[in-house]
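Undergrad: Quick one, run-v3.tsv (TSV, N, CA and C atoms):
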```
chain	number	residue	atom	x	y	z
A	1	MET	N	99.09	131.61	122.84
A	1	MET	CA	99.12	130.97	121.54
A	1	MET	C	97.83	130.19	121.33
A	2	LYS	N	97.57	129.96	120.07
A	2	LYS	CA	96.38	129.19	119.76
A	2	LYS	C	96.63	127.72	120.03
A	3	LYS	N	95.54	127.00	120.26
A	3	LYS	CA	95.63	125.60	120.63
A	3	LYS	C	96.27	124.75	119.52
A	4	ASP	N	95.95	125.02	118.26
A	4	ASP	CA	96.51	124.22	117.17
A	4	ASP	C	98.01	124.45	117.00
A	5	VAL	N	98.48	125.65	117.30
A	5	VAL	CA	99.92	125.93	117.23
A	5	VAL	C	100.64	125.17	118.34
A	6	LEU	N	100.06	125.15	119.52
A	6	LEU	CA	100.66	124.41	120.63
A	6	LEU	C	100.71	122.91	120.33
A	7	LYS	N	99.69	122.38	119.70
A	7	LYS	CA	99.68	120.96	119.33
A	7	LYS	C	100.80	120.65	118.33
A	8	THR	N	100.98	121.53	117.36
A	8	THR	CA	102.02	121.34	116.35
A	8	THR	C	103.40	121.38	116.98
A	9	ILE	N	103.61	122.29	117.90
A	9	ILE	CA	104.90	122.38	118.59
A	9	ILE	C	105.16	121.13	119.42
A	10	ALA	N	104.14	120.65	120.14
A	10	ALA	CA	104.29	119.45	120.95
A	10	ALA	C	104.60	118.23	120.08
A	11	LYS	N	103.95	118.14	118.92
A	11	LYS	CA	104.20	117.03	118.00
A	11	LYS	C	105.63	117.07	117.49
A	12	ALA	N	106.11	118.24	117.12
A	12	ALA	CA	107.49	118.39	116.64
A	12	ALA	C	108.48	118.01	117.73
A	13	ARG	N	108.21	118.37	118.96
A	13	ARG	CA	109.10	118.00	120.07
A	13	ARG	C	109.15	116.49	120.26
A	14	ARG	N	108.01	115.82	120.14
A	14	ARG	CA	107.99	114.36	120.28
A	14	ARG	C	108.82	113.71	119.18
A	15	ILE	N	108.67	114.19	117.95
A	15	ILE	CA	109.43	113.64	116.84
A	15	ILE	C	110.93	113.84	117.05
A	16	ILE	N	111.32	115.02	117.47
A	16	ILE	CA	112.74	115.32	117.73
A	16	ILE	C	113.29	114.44	118.85
A	17	ARG	N	112.49	114.23	119.89
A	17	ARG	CA	112.93	113.41	121.02
A	17	ARG	C	113.18	111.97	120.59
A	18	VAL	N	112.30	111.43	119.76
A	18	VAL	CA	112.47	110.06	119.28
A	18	VAL	C	113.66	109.97	118.34
A	19	ARG	N	113.79	110.93	117.40
A	19	ARG	CA	114.87	110.89	116.42
A	19	ARG	C	116.25	111.13	117.02
A	20	ALA	N	116.30	111.77	118.18
A	20	ALA	CA	117.59	111.99	118.83
A	20	ALA	C	118.22	110.67	119.27
A	21	LYS	N	117.40	109.66	119.51
A	21	LYS	CA	117.88	108.37	119.99
A	21	LYS	C	118.04	107.34	118.87
A	22	ILE	N	117.49	107.62	117.69
A	22	ILE	CA	117.42	106.62	116.62
A	22	ILE	C	118.12	107.13	115.37
A	23	SER	N	118.96	106.28	114.78
A	23	SER	CA	119.58	106.61	113.51
A	23	SER	C	119.79	105.31	112.74
A	24	GLY	N	119.58	105.36	111.43
A	24	GLY	CA	119.71	104.17	110.61
A	24	GLY	C	121.02	104.16	109.83
A	25	THR	N	121.56	102.98	109.62
A	25	THR	CA	122.76	102.80	108.81
A	25	THR	C	122.42	101.86	107.66
A	26	ALA	N	123.40	101.60	106.81
A	26	ALA	CA	123.16	100.70	105.68
A	26	ALA	C	122.93	99.27	106.18
A	27	GLU	N	123.64	98.86	107.24
A	27	GLU	CA	123.47	97.51	107.78
A	27	GLU	C	122.19	97.39	108.60
A	28	ARG	N	121.82	98.47	109.29
A	28	ARG	CA	120.62	98.46	110.14
A	28	ARG	C	119.83	99.75	109.89
A	29	PRO	N	119.01	99.78	108.83
A	29	PRO	CA	118.29	101.01	108.48
A	29	PRO	C	117.15	101.30	109.46
A	30	ARG	N	116.67	102.52	109.37
A	30	ARG	CA	115.57	102.98	110.23
A	30	ARG	C	114.25	102.67	109.54
A	31	LEU	N	113.35	101.98	110.24
A	31	LEU	CA	112.01	101.71	109.73
A	31	LEU	C	111.11	102.84	110.21
A	32	ALA	N	110.85	103.80	109.33
A	32	ALA	CA	110.05	104.98	109.67
A	32	ALA	C	108.60	104.72	109.29
A	33	VAL	N	107.70	104.95	110.23
A	33	VAL	CA	106.27	104.73	110.01
A	33	VAL	C	105.56	106.07	109.98
A	34	ARG	N	104.75	106.28	108.95
A	34	ARG	CA	103.93	107.49	108.83
A	34	ARG	C	102.49	107.05	108.79
A	35	ARG	N	101.70	107.49	109.76
A	35	ARG	CA	100.31	107.10	109.84
A	35	ARG	C	99.44	108.34	109.68
A	36	SER	N	98.51	108.30	108.73
A	36	SER	CA	97.54	109.37	108.58
A	36	SER	C	96.18	108.81	108.98
A	37	LEU	N	95.15	109.60	108.84
A	37	LEU	CA	93.83	109.12	109.22
A	37	LEU	C	93.36	107.95	108.37
A	38	SER	N	93.72	107.96	107.09
A	38	SER	CA	93.20	106.92	106.21
A	38	SER	C	94.26	105.97	105.65
A	39	HIS	N	95.54	106.31	105.76
A	39	HIS	CA	96.59	105.47	105.17
A	39	HIS	C	97.75	105.27	106.15
A	40	ILE	N	98.61	104.30	105.81
A	40	ILE	CA	99.82	104.08	106.58
A	40	ILE	C	100.97	103.79	105.61
A	41	TYR	N	102.11	104.37	105.88
A	41	TYR	CA	103.28	104.26	105.02
A	41	TYR	C	104.46	103.81	105.87
A	42	ALA	N	105.38	103.07	105.25
A	42	ALA	CA	106.59	102.64	105.95
A	42	ALA	C	107.76	102.68	104.98
A	43	GLN	N	108.92	103.08	105.50
A	43	GLN	CA	110.14	103.16	104.70
A	43	GLN	C	111.30	102.64	105.50
A	44	LEU	N	112.27	102.05	104.81
A	44	LEU	CA	113.55	101.73	105.41
A	44	LEU	C	114.54	102.76	104.90
A	45	ILE	N	115.14	103.52	105.82
A	45	ILE	CA	115.96	104.67	105.46
A	45	ILE	C	117.37	104.49	106.00
A	46	ASP	N	118.35	104.74	105.14
A	46	ASP	CA	119.76	104.80	105.54
A	46	ASP	C	120.07	106.27	105.80
A	47	ASP	N	120.21	106.66	107.07
A	47	ASP	CA	120.42	108.05	107.44
A	47	ASP	C	121.83	108.54	107.12
A	48	VAL	N	122.78	107.64	107.00
A	48	VAL	CA	124.15	108.03	106.68
A	48	VAL	C	124.22	108.57	105.25
A	49	SER	N	123.67	107.81	104.31
A	49	SER	CA	123.68	108.26	102.91
A	49	SER	C	122.41	109.00	102.52
A	50	LYS	N	121.46	109.12	103.47
A	50	LYS	CA	120.20	109.85	103.25
A	50	LYS	C	119.43	109.30	102.06
A	51	LYS	N	119.26	107.97	102.04
A	51	LYS	CA	118.53	107.31	100.96
A	51	LYS	C	117.46	106.39	101.51
A	52	THR	N	116.35	106.31	100.79
A	52	THR	CA	115.31	105.34	101.11
A	52	THR	C	115.64	104.04	100.40
A	53	LEU	N	115.75	102.96	101.17
A	53	LEU	CA	116.13	101.67	100.61
A	53	LEU	C	114.91	100.89	100.13
A	54	VAL	N	113.85	100.89	100.95
A	54	VAL	CA	112.63	100.15	100.65
A	54	VAL	C	111.45	100.96	101.15
A	55	ALA	N	110.33	100.92	100.42
A	55	ALA	CA	109.13	101.62	100.85
A	55	ALA	C	107.90	100.76	100.56
A	56	ALA	N	106.86	100.93	101.39
A	56	ALA	CA	105.59	100.25	101.19
A	56	ALA	C	104.48	101.08	101.82
A	57	SER	N	103.28	100.91	101.30
A	57	SER	CA	102.13	101.59	101.88
A	57	SER	C	100.90	100.72	101.73
A	58	ASP	N	99.80	101.14	102.34
A	58	ASP	CA	98.58	100.35	102.24
A	58	ASP	C	97.97	100.45	100.84
A	59	LYS	N	98.50	101.33	100.03
A	59	LYS	CA	98.04	101.40	98.63
A	59	LYS	C	98.56	100.20	97.83
A	60	ASP	N	99.62	99.53	98.34
A	60	ASP	CA	100.16	98.33	97.70
A	60	ASP	C	99.36	97.08	98.04
A	61	VAL	N	98.51	97.16	99.07
A	61	VAL	CA	97.76	96.01	99.56
A	61	VAL	C	96.54	95.79	98.68
A	62	LYS	N	96.39	94.57	98.20
A	62	LYS	CA	95.22	94.22	97.38
A	62	LYS	C	94.18	93.55	98.27
A	63	GLY	N	92.93	93.85	98.03
A	63	GLY	CA	91.85	93.23	98.78
A	63	GLY	C	91.21	94.20	99.76
A	64	LYS	N	90.23	93.71	100.47
A	64	LYS	CA	89.46	94.52	101.41
A	64	LYS	C	89.90	94.16	102.83
A	65	PHE	N	90.46	95.12	103.54
A	65	PHE	CA	90.95	94.91	104.90
A	65	PHE	C	90.51	96.08	105.77
A	66	THR	N	90.50	95.84	107.08
A	66	THR	CA	90.36	96.96	108.01
A	66	THR	C	91.69	97.70	108.03
A	67	LYS	N	91.73	98.87	108.64
A	67	LYS	CA	92.97	99.65	108.67
A	67	LYS	C	94.08	98.90	109.40
A	68	THR	N	93.75	98.22	110.48
A	68	THR	CA	94.75	97.48	111.26
A	68	THR	C	95.27	96.28	110.47
A	69	GLU	N	94.37	95.56	109.81
A	69	GLU	CA	94.79	94.42	109.00
A	69	GLU	C	95.66	94.88	107.83
A	70	ALA	N	95.30	96.01	107.23
A	70	ALA	CA	96.09	96.56	106.12
A	70	ALA	C	97.49	96.96	106.61
A	71	ALA	N	97.58	97.50	107.83
A	71	ALA	CA	98.89	97.88	108.39
A	71	ALA	C	99.76	96.64	108.57
A	72	ALA	N	99.17	95.55	109.03
A	72	ALA	CA	99.94	94.30	109.19
A	72	ALA	C	100.42	93.80	107.83
A	73	GLU	N	99.59	93.92	106.81
A	73	GLU	CA	99.98	93.51	105.46
A	73	GLU	C	101.11	94.39	104.92
A	74	VAL	N	101.06	95.69	105.23
A	74	VAL	CA	102.13	96.60	104.81
A	74	VAL	C	103.45	96.16	105.45
A	75	GLY	N	103.41	95.78	106.72
A	75	GLY	CA	104.61	95.30	107.39
A	75	GLY	C	105.17	94.06	106.72
A	76	LYS	N	104.30	93.14	106.32
A	76	LYS	CA	104.75	91.92	105.64
A	76	LYS	C	105.35	92.24	104.27
A	77	ILE	N	104.70	93.14	103.53
A	77	ILE	CA	105.20	93.53	102.21
A	77	ILE	C	106.57	94.19	102.33
A	78	LEU	N	106.70	95.09	103.32
A	78	LEU	CA	107.97	95.77	103.54
A	78	LEU	C	109.07	94.77	103.90
A	79	ALA	N	108.73	93.81	104.75
A	79	ALA	CA	109.72	92.80	105.15
A	79	ALA	C	110.16	91.95	103.96
A	80	GLU	N	109.22	91.59	103.07
A	80	GLU	CA	109.58	90.81	101.89
A	80	GLU	C	110.55	91.58	101.00
A	81	LYS	N	110.25	92.87	100.79
A	81	LYS	CA	111.14	93.70	99.97
A	81	LYS	C	112.51	93.85	100.62
A	82	ALA	N	112.53	93.98	101.96
A	82	ALA	CA	113.79	94.16	102.67
A	82	ALA	C	114.63	92.87	102.61
A	83	VAL	N	114.00	91.74	102.82
A	83	VAL	CA	114.72	90.46	102.78
A	83	VAL	C	115.28	90.23	101.37
A	84	ALA	N	114.55	90.67	100.34
A	84	ALA	CA	115.05	90.54	98.97
A	84	ALA	C	116.30	91.38	98.75
A	85	LYS	N	116.44	92.48	99.50
A	85	LYS	CA	117.64	93.32	99.43
A	85	LYS	C	118.66	92.96	100.50
A	86	LYS	N	118.46	91.80	101.15
A	86	LYS	CA	119.38	91.27	102.16
A	86	LYS	C	119.47	92.16	103.40
A	87	ILE	N	118.34	92.69	103.84
A	87	ILE	CA	118.26	93.47	105.08
A	87	ILE	C	117.45	92.64	106.06
A	88	GLN	N	118.07	92.30	107.21
A	88	GLN	CA	117.36	91.52	108.20
A	88	GLN	C	117.07	92.29	109.49
A	89	SER	N	117.90	93.26	109.82
A	89	SER	CA	117.78	93.96	111.09
A	89	SER	C	117.51	95.45	110.85
A	90	VAL	N	116.57	96.01	111.61
A	90	VAL	CA	116.21	97.42	111.45
A	90	VAL	C	116.05	98.08	112.82
A	91	VAL	N	115.98	99.41	112.81
A	91	VAL	CA	115.69	100.21	113.99
A	91	VAL	C	114.30	100.80	113.78
A	92	PHE	N	113.40	100.64	114.74
A	92	PHE	CA	112.01	101.07	114.58
A	92	PHE	C	111.85	102.53	114.98
A	93	ASP	N	111.27	103.34	114.09
A	93	ASP	CA	111.00	104.75	114.34
A	93	ASP	C	109.50	104.98	114.24
A	94	ARG	N	108.85	105.17	115.37
A	94	ARG	CA	107.41	105.35	115.39
A	94	ARG	C	107.02	106.82	115.29
A	95	ARG	N	108.00	107.71	115.18
A	95	ARG	CA	107.79	109.15	115.13
A	95	ARG	C	107.06	109.63	116.38
A	96	ASP	N	105.95	110.32	116.23
A	96	ASP	CA	105.25	110.87	117.39
A	96	ASP	C	104.09	110.00	117.84
A	97	LYS	N	103.92	108.84	117.23
A	97	LYS	CA	102.78	107.97	117.53
A	97	LYS	C	103.12	106.98	118.63
A	98	ARG	N	102.10	106.56	119.36
A	98	ARG	CA	102.28	105.53	120.37
A	98	ARG	C	102.43	104.17	119.70
A	99	TYR	N	103.12	103.26	120.38
A	99	TYR	CA	103.28	101.89	119.87
A	99	TYR	C	102.00	101.14	120.22
A	100	HIS	N	100.98	101.36	119.39
A	100	HIS	CA	99.66	100.84	119.69
A	100	HIS	C	98.84	100.84	118.40
A	101	GLY	N	97.91	99.93	118.26
A	101	GLY	CA	97.00	99.94	117.13
A	101	GLY	C	97.69	99.64	115.81
A	102	ARG	N	97.53	100.53	114.83
A	102	ARG	CA	98.06	100.30	113.49
A	102	ARG	C	99.58	100.30	113.45
A	103	VAL	N	100.21	101.11	114.28
A	103	VAL	CA	101.68	101.15	114.33
A	103	VAL	C	102.20	99.81	114.85
A	104	LYS	N	101.58	99.29	115.88
A	104	LYS	CA	101.97	97.99	116.44
A	104	LYS	C	101.70	96.87	115.43
A	105	ALA	N	100.57	96.94	114.74
A	105	ALA	CA	100.24	95.92	113.74
A	105	ALA	C	101.27	95.90	112.61
A	106	LEU	N	101.71	97.07	112.18
A	106	LEU	CA	102.74	97.14	111.14
A	106	LEU	C	104.04	96.51	111.64
A	107	ALA	N	104.43	96.82	112.87
A	107	ALA	CA	105.65	96.25	113.43
A	107	ALA	C	105.55	94.74	113.56
A	108	ASP	N	104.41	94.24	114.00
A	108	ASP	CA	104.22	92.79	114.12
A	108	ASP	C	104.25	92.11	112.76
A	109	GLY	N	103.66	92.77	111.75
A	109	GLY	CA	103.70	92.23	110.39
A	109	GLY	C	105.11	92.18	109.84
A	110	ALA	N	105.92	93.21	110.14
A	110	ALA	CA	107.32	93.22	109.69
A	110	ALA	C	108.10	92.11	110.38
A	111	ARG	N	107.84	91.90	111.66
A	111	ARG	CA	108.51	90.80	112.39
A	111	ARG	C	108.11	89.46	111.79
A	112	ALA	N	106.82	89.30	111.49
A	112	ALA	CA	106.35	88.05	110.90
A	112	ALA	C	106.97	87.81	109.52
A	113	GLY	N	107.29	88.89	108.82
A	113	GLY	CA	107.90	88.78	107.50
A	113	GLY	C	109.39	88.49	107.54
A	114	GLY	N	110.02	88.59	108.72
A	114	GLY	CA	111.42	88.21	108.84
A	114	GLY	C	112.36	89.30	109.31
A	115	LEU	N	111.87	90.50	109.61
A	115	LEU	CA	112.75	91.56	110.11
A	115	LEU	C	112.94	91.43	111.61
A	116	LYS	N	114.12	91.84	112.08
A	116	LYS	CA	114.43	91.79	113.51
A	116	LYS	C	114.66	93.21	114.01
A	117	PHE	N	113.97	93.58	115.09
A	117	PHE	CA	114.19	94.86	115.76
A	117	PHE	C	113.65	94.82	117.16
```
Mind converting the file's structure to structure tokens?

TA:
Amino acid sequence: MKKDVLKTIAKARRIIRVRAKISGTAERPRLAVRRSLSHIYAQLIDDVSKKTLVAASDKDVKGKFTKTEAAAEVGKILAEKAVAKKIQSVVFDRRDKRYHGRVKALADGARAGGLKF
């Protein structure tokens, strides 16, 4: 097989492995993080009803920040929106990414904003 196909298969396996252990409910939704090369997105998802409760991205952040600082701001924005909807506790879903860098900054920002996980 080609190298890019093998990478895609390995990525899908990592995502499946993480999702097998994590599921969100209405009381404790799943905080799903999507990181691309230039942006970062976060959602609170209720997997039982298959609905997105709250969403935020670095496109919501005003001002000039580095990517890591913008990720922390996204976490704070997401936490503010979640607290407004009376959500305090979440399950963290990092997908296939390591808990490091921008993913960690987003999680720390969400904790600073008032979410518990």

Undergrad: Find the residues near Thr68 in chain A: any atom within 5 Å, counting only N, CA and C atoms, skip ones fewer than 3 places away on the same chain, and give them as a list of chain:residue names.

TA: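 My reading of the contact set: A:Ala71, A:Ala72, A:Arg102.
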
Undergrad: If you measure from atom C of Gln88 in chain A to atom C of Ala56 in chain A, what distance in Å do you get, rounded to one decimal?

TA: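 Atom-to-atom, atom C of Gln88 in chain A and atom C of Ala56 in chain A are spaced 17.2 Å apart.
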
Undergrad: Could you jot down the atom C of Ser57 in chain A to atom N of Asp108 in chain A separation for me, Å, one decimal place?

TA: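 Computing it gives 14.3 Å between the two atoms.
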
Undergrad: What is the CA of Lys104 in chain A-CA of Glu73 in chain A distance in Å, reported with one decimal?

TA: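 These two atoms are separated by 12.0 Å.
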
Undergrad: If we count only C-alpha atoms and set the cut-off at 12 Å, which residues sit around Ile77 in chain A, ignoring sequence neighbours fewer than 4 positions away in its own chain? Please answer as a ChimeraX atom specification.

TA: /A:41-43,54-62,70-73,81-84,106-115

Undergrad: Nearest residue to Tyr99 in chain A out of A:Leu44, A:Val33, A:Val5, A:Leu78, using only C-alpha atoms?

TA: A:Val33

Undergrad: Per DSSP on the backbone, what are the alpha helix (DSSP H) residues of chain A, as a ChimeraX atom specification?

TA: /A:3-21,67-84,102-113
